[in-house]
Amino acid sequence: MYRELPCTRVDEKGVREITHPVIEEVPVTVTVNGRQVATAMTSPVELEEFATGFLFTEGIIKGRAEIESIQVEKTGVKVITKNLLKVIGPRRTILSGCGGSSSFLDPAKLPKVGSSFTIPAQVISRSMKELLQSDLHRLTGGVHIVGLYGPDGEITRSLDIGRHNALDRVIGYGLIHGIDLGQVYALSSGRISSEMVRKCLVAGIPLVASRGATTTLAVSLAEKNGLTVIGFVRAGGMNIYTNPQRVTVPG
């Protein structure tokens, strides 16, 4: 997932030639029924989970059961669906820093989350601390981490150069393993954007939290569609921006 690359190091010790771990970024093409639907700039790991989650959050499939077969290659994933005549939209390129399309961001076109899921605030704080204890994150400084958590703790986590790709991976994992996504929550090391909110809404995940910030559009979409958004989960505190009824607090 990373390679040691040569560089010139400049610091208080002077100037010297060293090698440093650099996270890999490669184009991965997703093909459905022989047609290319997307090329994602992503980390070359867990490609079955990524493709499954991406196709689901983009509305190309409604669940893992619609996939007849999936073949993972070095820089591509070939998917055959049970409905070979399914209409697929135009081909997309997904950059590592962002994803999604504004055409999906009409609140009226997004599903609403009606889950009665709740979780104590202290559990969210503890889980975030655990999520960020990643050797690869510390080693390279070049990956985002997204985790899927339930009442009993971590279900899975993904590290990727793009937080949207990592979210697709954990959603894909949930679909492949039959996880009830209405009874879990997502944690992210990076900003909660409108695209992160959209993916959670499509998946039916009731709560998403980040160590960092969120955006006004993300908050607006989440508020109107029943998603709980939490930012700045650090040092035992957090900002609950929408639907706080899902977070229980002491006292």
# chains A, B, ... in the order shown; residues from 1 in each chain; ligands from 1
>>> select_by_dssp(residues="segment 8-229 of chain A", states="alpha helix (DSSP H)", output="ChimeraX atom specification")
/A:47-57,121-131,135-140,163-176,194-203,216-225
>>> residues_around(residues="segment 170-180 of chain A", least_positions_apart="3", cutoff="8 Å", atoms="only C-alpha atoms", output="count of residues only")
21
>>> residues_around(residues="Val30 of chain A", least_positions_apart="3", cutoff="12 Å", atoms="only C-alpha atoms", output="PyMOL selection string")
chain A and resi 27+33-42+47-55+60+70-80+91-94
>>> atom_distance(atom1="atom CA of Gly153 of chain A", atom2="atom CA of Asp135 of chain A")
19.5 Å
>>> closest_residue(among="A:Glu58, A:Asp106, A:Glu154, A:Glu17", to="Ile88 of chain A", atoms="only C-alpha atoms")
A:Glu58
>>> closest_residue(among="A:Leu187, A:Leu217, A:Ile67, A:Val233", to="Arg163 of chain A", atoms="only C-alpha atoms")
A:Leu187
>>> closest_residue(among="A:Ser43, A:Met238, A:Val247, A:Thr118", to="His164 of chain A", atoms="only C-alpha atoms")
A:Ser43
>>> residues_around(residues="Ser193 of chain A", least_positions_apart="3", cutoff="6 Å", atoms="only C-alpha atoms", output="list in words")
Met196, Thr214, Thr215 and Ala218 of chain A
